[in-house]
Amino acid sequence: MLSIFKTIPTHMDYKGQKLAEQIFQGIILVSAMVGFVYGLIIEQFGWTVYIVMAGFAVSCVMTLPPWPMYRQNPLSWQPAIPEVSGESSQKPQEGLKKKKHK
């Protein structure tokens with residue numbers, strides 16, 4: 001049973017995160033404007049809150065799960081460099097001279 005949960009993807013790429021953020025903000029903005037206008041017309045602030053909350057719920061359903069549209073640009077990582085045991089373990093930054101600021 002637990003192996004079913006391990007097959008569910010849980011990641012987004014960077015472009016997918018940007019798209020999800022834009023969709024989220026767009027839905028919230030549109031629902032806030034519609035809710036404000038509707039609440040102004042019927043003179044009930046409660047309806048404004050309900051419409052904004054509905055927009056928030058819709059945007060959460062659309063952007064929080066990692067839908068396939070958010071995973072279309074995967075990163076290609078460089079292969080790991082094998083470490084040679086005979087070399088010193090000094091980090092490259094440690095060997096550089098520090099610059100003094102004047």
# chains A, B, ... in the order shown; residues from 1 in each chain; ligands from 1
call {"tool": "residues_around", "arguments": {"residues": "segment 11-21 of chain A", "least_positions_apart": "6", "cutoff": "9 Å", "atoms": "only C-alpha atoms", "output": "list of chain:residue names"}}
result
A:Met62, A:Thr63, A:Leu64, A:Pro65, A:Pro66, A:Trp67, A:Pro68, A:Met69, A:Tyr70, A:Arg71, A:Gln72, A:Asn73, A:Pro74, A:Leu75
call {"tool": "residues_around", "arguments": {"residues": "Val34 of chain A", "least_positions_apart": "5", "cutoff": "12 Å", "atoms": "only C-alpha atoms", "output": "list in words"}}
result
Ile27, Ile28, Leu29, Gly39, Leu40, Ile41, Trp47, Thr48, Val49, Tyr50, Ile51, Val52, Met53, Ala54 and Gly55 of chain A
call {"tool": "write_last_selection", "arguments": {"atoms": "N, CA, C and O atoms", "output": "tab-separated table (two decimals), in the first residue's frame"}}
result
chain	number	residue	atom	x	y	z
A	27	ILE	N	-5.43	34.09	-10.10
A	27	ILE	CA	-6.74	33.66	-9.61
A	27	ILE	C	-7.15	34.46	-8.39
A	27	ILE	O	-8.31	34.87	-8.26
A	28	ILE	N	-6.23	34.69	-7.48
A	28	ILE	CA	-6.55	35.48	-6.28
A	28	ILE	C	-6.95	36.91	-6.67
A	28	ILE	O	-7.92	37.46	-6.15
A	29	LEU	N	-6.22	37.51	-7.61
A	29	LEU	CA	-6.53	38.87	-8.03
A	29	LEU	C	-7.90	38.95	-8.69
A	29	LEU	O	-8.70	39.83	-8.37
A	39	GLY	N	-19.86	42.23	-4.14
A	39	GLY	CA	-20.23	42.68	-2.80
A	39	GLY	C	-20.67	44.13	-2.78
A	39	GLY	O	-21.55	44.51	-2.01
A	40	LEU	N	-20.07	44.96	-3.63
A	40	LEU	CA	-20.45	46.36	-3.71
A	40	LEU	C	-21.85	46.51	-4.31
A	40	LEU	O	-22.65	47.33	-3.84
A	41	ILE	N	-22.14	45.71	-5.32
A	41	ILE	CA	-23.44	45.81	-5.98
A	41	ILE	C	-24.56	45.37	-5.05
A	41	ILE	O	-25.60	46.05	-4.94
A	47	TRP	N	-20.32	38.30	0.98
A	47	TRP	CA	-20.18	37.66	-0.33
A	47	TRP	C	-18.80	37.92	-0.92
A	47	TRP	O	-18.25	37.08	-1.62
A	48	THR	N	-18.24	39.07	-0.63
A	48	THR	CA	-16.88	39.35	-1.08
A	48	THR	C	-15.91	38.35	-0.46
A	48	THR	O	-15.06	37.79	-1.15
A	49	VAL	N	-16.06	38.11	0.81
A	49	VAL	CA	-15.18	37.16	1.51
A	49	VAL	C	-15.37	35.75	0.96
A	49	VAL	O	-14.41	35.02	0.73
A	50	TYR	N	-16.63	35.35	0.74
A	50	TYR	CA	-16.90	34.01	0.20
A	50	TYR	C	-16.26	33.82	-1.18
A	50	TYR	O	-15.70	32.76	-1.47
A	51	ILE	N	-16.38	34.81	-2.03
A	51	ILE	CA	-15.83	34.70	-3.38
A	51	ILE	C	-14.30	34.65	-3.33
A	51	ILE	O	-13.68	33.86	-4.05
A	52	VAL	N	-13.69	35.44	-2.49
A	52	VAL	CA	-12.22	35.40	-2.35
A	52	VAL	C	-11.79	34.06	-1.78
A	52	VAL	O	-10.79	33.48	-2.23
A	53	MET	N	-12.51	33.53	-0.82
A	53	MET	CA	-12.18	32.22	-0.26
A	53	MET	C	-12.34	31.11	-1.31
A	53	MET	O	-11.53	30.18	-1.37
A	54	ALA	N	-13.36	31.21	-2.14
A	54	ALA	CA	-13.55	30.23	-3.22
A	54	ALA	C	-12.40	30.33	-4.22
A	54	ALA	O	-11.88	29.31	-4.70
A	55	GLY	N	-11.97	31.55	-4.55
A	55	GLY	CA	-10.83	31.73	-5.44
A	55	GLY	C	-9.56	31.16	-4.85
A	55	GLY	O	-8.74	30.56	-5.56
call {"tool": "select_by_dssp", "arguments": {"residues": "chain A", "states": "helix (DSSP H, G or I)", "output": "ChimeraX atom specification"}}
result
/A:2-6,14-42,45-63,68-70
call {"tool": "atom_distance", "arguments": {"atom1": "atom CA of Ala57 of chain A", "atom2": "atom CA of Ile42 of chain A"}}
result
23.0 Å
call {"tool": "atom_distance", "arguments": {"atom1": "atom CA of Val30 of chain A", "atom2": "atom CA of Gly46 of chain A"}}
result
17.1 Å
call {"tool": "atom_distance", "arguments": {"atom1": "atom CA of Cys60 of chain A", "atom2": "atom CA of Gly35 of chain A"}}
result
17.6 Å
call {"tool": "decode", "arguments": {"residues": "segment 52-86 of chain A", "atoms": "N, CA and C atoms", "output": "mmCIF file, in the first residue's frame"}}
result
data_model
loop_
_atom_site.group_PDB
_atom_site.id
_atom_site.type_symbol
_atom_site.label_atom_id
_atom_site.label_comp_id
_atom_site.auth_asym_id
_atom_site.auth_seq_id
_atom_site.Cartn_x
_atom_site.Cartn_y
_atom_site.Cartn_z
ATOM 1 N N VAL A 52 -13.688 35.442 -2.488
ATOM 2 C CA VAL A 52 -12.224 35.404 -2.353
ATOM 3 C C VAL A 52 -11.787 34.060 -1.778
ATOM 4 N N MET A 53 -12.511 33.529 -0.823
ATOM 5 C CA MET A 53 -12.176 32.218 -0.265
ATOM 6 C C MET A 53 -12.337 31.111 -1.312
ATOM 7 N N ALA A 54 -13.364 31.208 -2.144
ATOM 8 C CA ALA A 54 -13.551 30.230 -3.219
ATOM 9 C C ALA A 54 -12.397 30.329 -4.223
ATOM 10 N N GLY A 55 -11.968 31.546 -4.553
ATOM 11 C CA GLY A 55 -10.829 31.734 -5.443
ATOM 12 C C GLY A 55 -9.558 31.164 -4.849
ATOM 13 N N PHE A 56 -9.388 31.329 -3.548
ATOM 14 C CA PHE A 56 -8.221 30.762 -2.873
ATOM 15 C C PHE A 56 -8.236 29.236 -2.943
ATOM 16 N N ALA A 57 -9.413 28.635 -2.720
ATOM 17 C CA ALA A 57 -9.529 27.178 -2.775
ATOM 18 C C ALA A 57 -9.235 26.661 -4.181
ATOM 19 N N VAL A 58 -9.769 27.332 -5.200
ATOM 20 C CA VAL A 58 -9.527 26.925 -6.586
ATOM 21 C C VAL A 58 -8.041 27.055 -6.920
ATOM 22 N N SER A 59 -7.426 28.143 -6.495
ATOM 23 C CA SER A 59 -6.009 28.333 -6.800
ATOM 24 C C SER A 59 -5.137 27.309 -6.069
ATOM 25 N N CYS A 60 -5.522 26.918 -4.875
ATOM 26 C CA CYS A 60 -4.770 25.885 -4.160
ATOM 27 C C CYS A 60 -4.854 24.545 -4.882
ATOM 28 N N VAL A 61 -6.042 24.199 -5.358
ATOM 29 C CA VAL A 61 -6.206 22.934 -6.080
ATOM 30 C C VAL A 61 -5.413 22.949 -7.381
ATOM 31 N N MET A 62 -5.326 24.106 -8.011
ATOM 32 C CA MET A 62 -4.627 24.188 -9.288
ATOM 33 C C MET A 62 -3.106 24.275 -9.156
ATOM 34 N N THR A 63 -2.608 24.795 -8.044
ATOM 35 C CA THR A 63 -1.167 25.065 -7.964
ATOM 36 C C THR A 63 -0.403 24.248 -6.935
ATOM 37 N N LEU A 64 -1.032 23.736 -5.900
ATOM 38 C CA LEU A 64 -0.277 23.011 -4.879
ATOM 39 C C LEU A 64 0.152 21.613 -5.311
ATOM 40 N N PRO A 65 -0.707 20.811 -5.934
ATOM 41 C CA PRO A 65 -0.197 19.505 -6.398
ATOM 42 C C PRO A 65 0.770 19.687 -7.563
ATOM 43 N N PRO A 66 1.760 18.834 -7.667
ATOM 44 C CA PRO A 66 2.715 18.970 -8.779
ATOM 45 C C PRO A 66 2.144 18.359 -10.069
ATOM 46 N N TRP A 67 1.218 19.043 -10.689
ATOM 47 C CA TRP A 67 0.612 18.575 -11.934
ATOM 48 C C TRP A 67 1.695 18.445 -13.011
ATOM 49 N N PRO A 68 1.458 17.609 -14.033
ATOM 50 C CA PRO A 68 2.469 17.427 -15.092
ATOM 51 C C PRO A 68 2.846 18.722 -15.824
ATOM 52 N N MET A 69 1.950 19.690 -15.873
ATOM 53 C CA MET A 69 2.296 20.941 -16.560
ATOM 54 C C MET A 69 3.381 21.721 -15.816
ATOM 55 N N TYR A 70 3.619 21.400 -14.558
ATOM 56 C CA TYR A 70 4.658 22.060 -13.774
ATOM 57 C C TYR A 70 5.981 21.292 -13.798
ATOM 58 N N ARG A 71 6.042 20.170 -14.518
ATOM 59 C CA ARG A 71 7.247 19.347 -14.551
ATOM 60 C C ARG A 71 7.746 19.119 -15.978
ATOM 61 N N GLN A 72 7.593 20.093 -16.853
ATOM 62 C CA GLN A 72 7.971 19.914 -18.247
ATOM 63 C C GLN A 72 9.401 20.346 -18.564
ATOM 64 N N ASN A 73 10.095 20.984 -17.662
ATOM 65 C CA ASN A 73 11.464 21.470 -17.896
ATOM 66 C C ASN A 73 12.409 20.968 -16.816
ATOM 67 N N PRO A 74 12.716 19.668 -16.794
ATOM 68 C CA PRO A 74 13.591 19.163 -15.727
ATOM 69 C C PRO A 74 15.026 19.655 -15.897
ATOM 70 N N LEU A 75 15.723 19.760 -14.786
ATOM 71 C CA LEU A 75 17.122 20.158 -14.805
ATOM 72 C C LEU A 75 17.992 18.972 -15.174
ATOM 73 N N SER A 76 19.019 19.218 -15.966
ATOM 74 C CA SER A 76 19.984 18.156 -16.250
ATOM 75 C C SER A 76 21.228 18.446 -15.413
ATOM 76 N N TRP A 77 21.481 17.587 -14.459
ATOM 77 C CA TRP A 77 22.593 17.767 -13.544
ATOM 78 C C TRP A 77 23.877 17.234 -14.162
ATOM 79 N N GLN A 78 24.999 17.828 -13.788
ATOM 80 C CA GLN A 78 26.290 17.328 -14.242
ATOM 81 C C GLN A 78 26.609 16.056 -13.467
ATOM 82 N N PRO A 79 27.314 15.136 -14.105
ATOM 83 C CA PRO A 79 27.673 13.917 -13.374
ATOM 84 C C PRO A 79 28.680 14.227 -12.261
ATOM 85 N N ALA A 80 28.651 13.419 -11.229
ATOM 86 C CA ALA A 80 29.559 13.615 -10.100
ATOM 87 C C ALA A 80 30.986 13.296 -10.517
ATOM 88 N N ILE A 81 31.924 14.101 -10.039
ATOM 89 C CA ILE A 81 33.342 13.880 -10.323
ATOM 90 C C ILE A 81 33.874 12.903 -9.293
ATOM 91 N N PRO A 82 34.467 11.798 -9.743
ATOM 92 C CA PRO A 82 34.999 10.840 -8.755
ATOM 93 C C PRO A 82 36.178 11.453 -8.002
ATOM 94 N N GLU A 83 36.230 11.218 -6.718
ATOM 95 C CA GLU A 83 37.273 11.794 -5.880
ATOM 96 C C GLU A 83 38.476 10.850 -5.838
ATOM 97 N N VAL A 84 39.664 11.401 -6.078
ATOM 98 C CA VAL A 84 40.900 10.616 -6.031
ATOM 99 C C VAL A 84 41.428 10.677 -4.604
ATOM 100 N N SER A 85 41.762 9.524 -4.036
ATOM 101 C CA SER A 85 42.154 9.473 -2.631
ATOM 102 C C SER A 85 43.571 10.005 -2.387
ATOM 103 N N GLY A 86 44.445 10.073 -3.404
ATOM 104 C CA GLY A 86 45.829 10.501 -3.218
ATOM 105 C C GLY A 86 45.984 12.010 -3.109
#
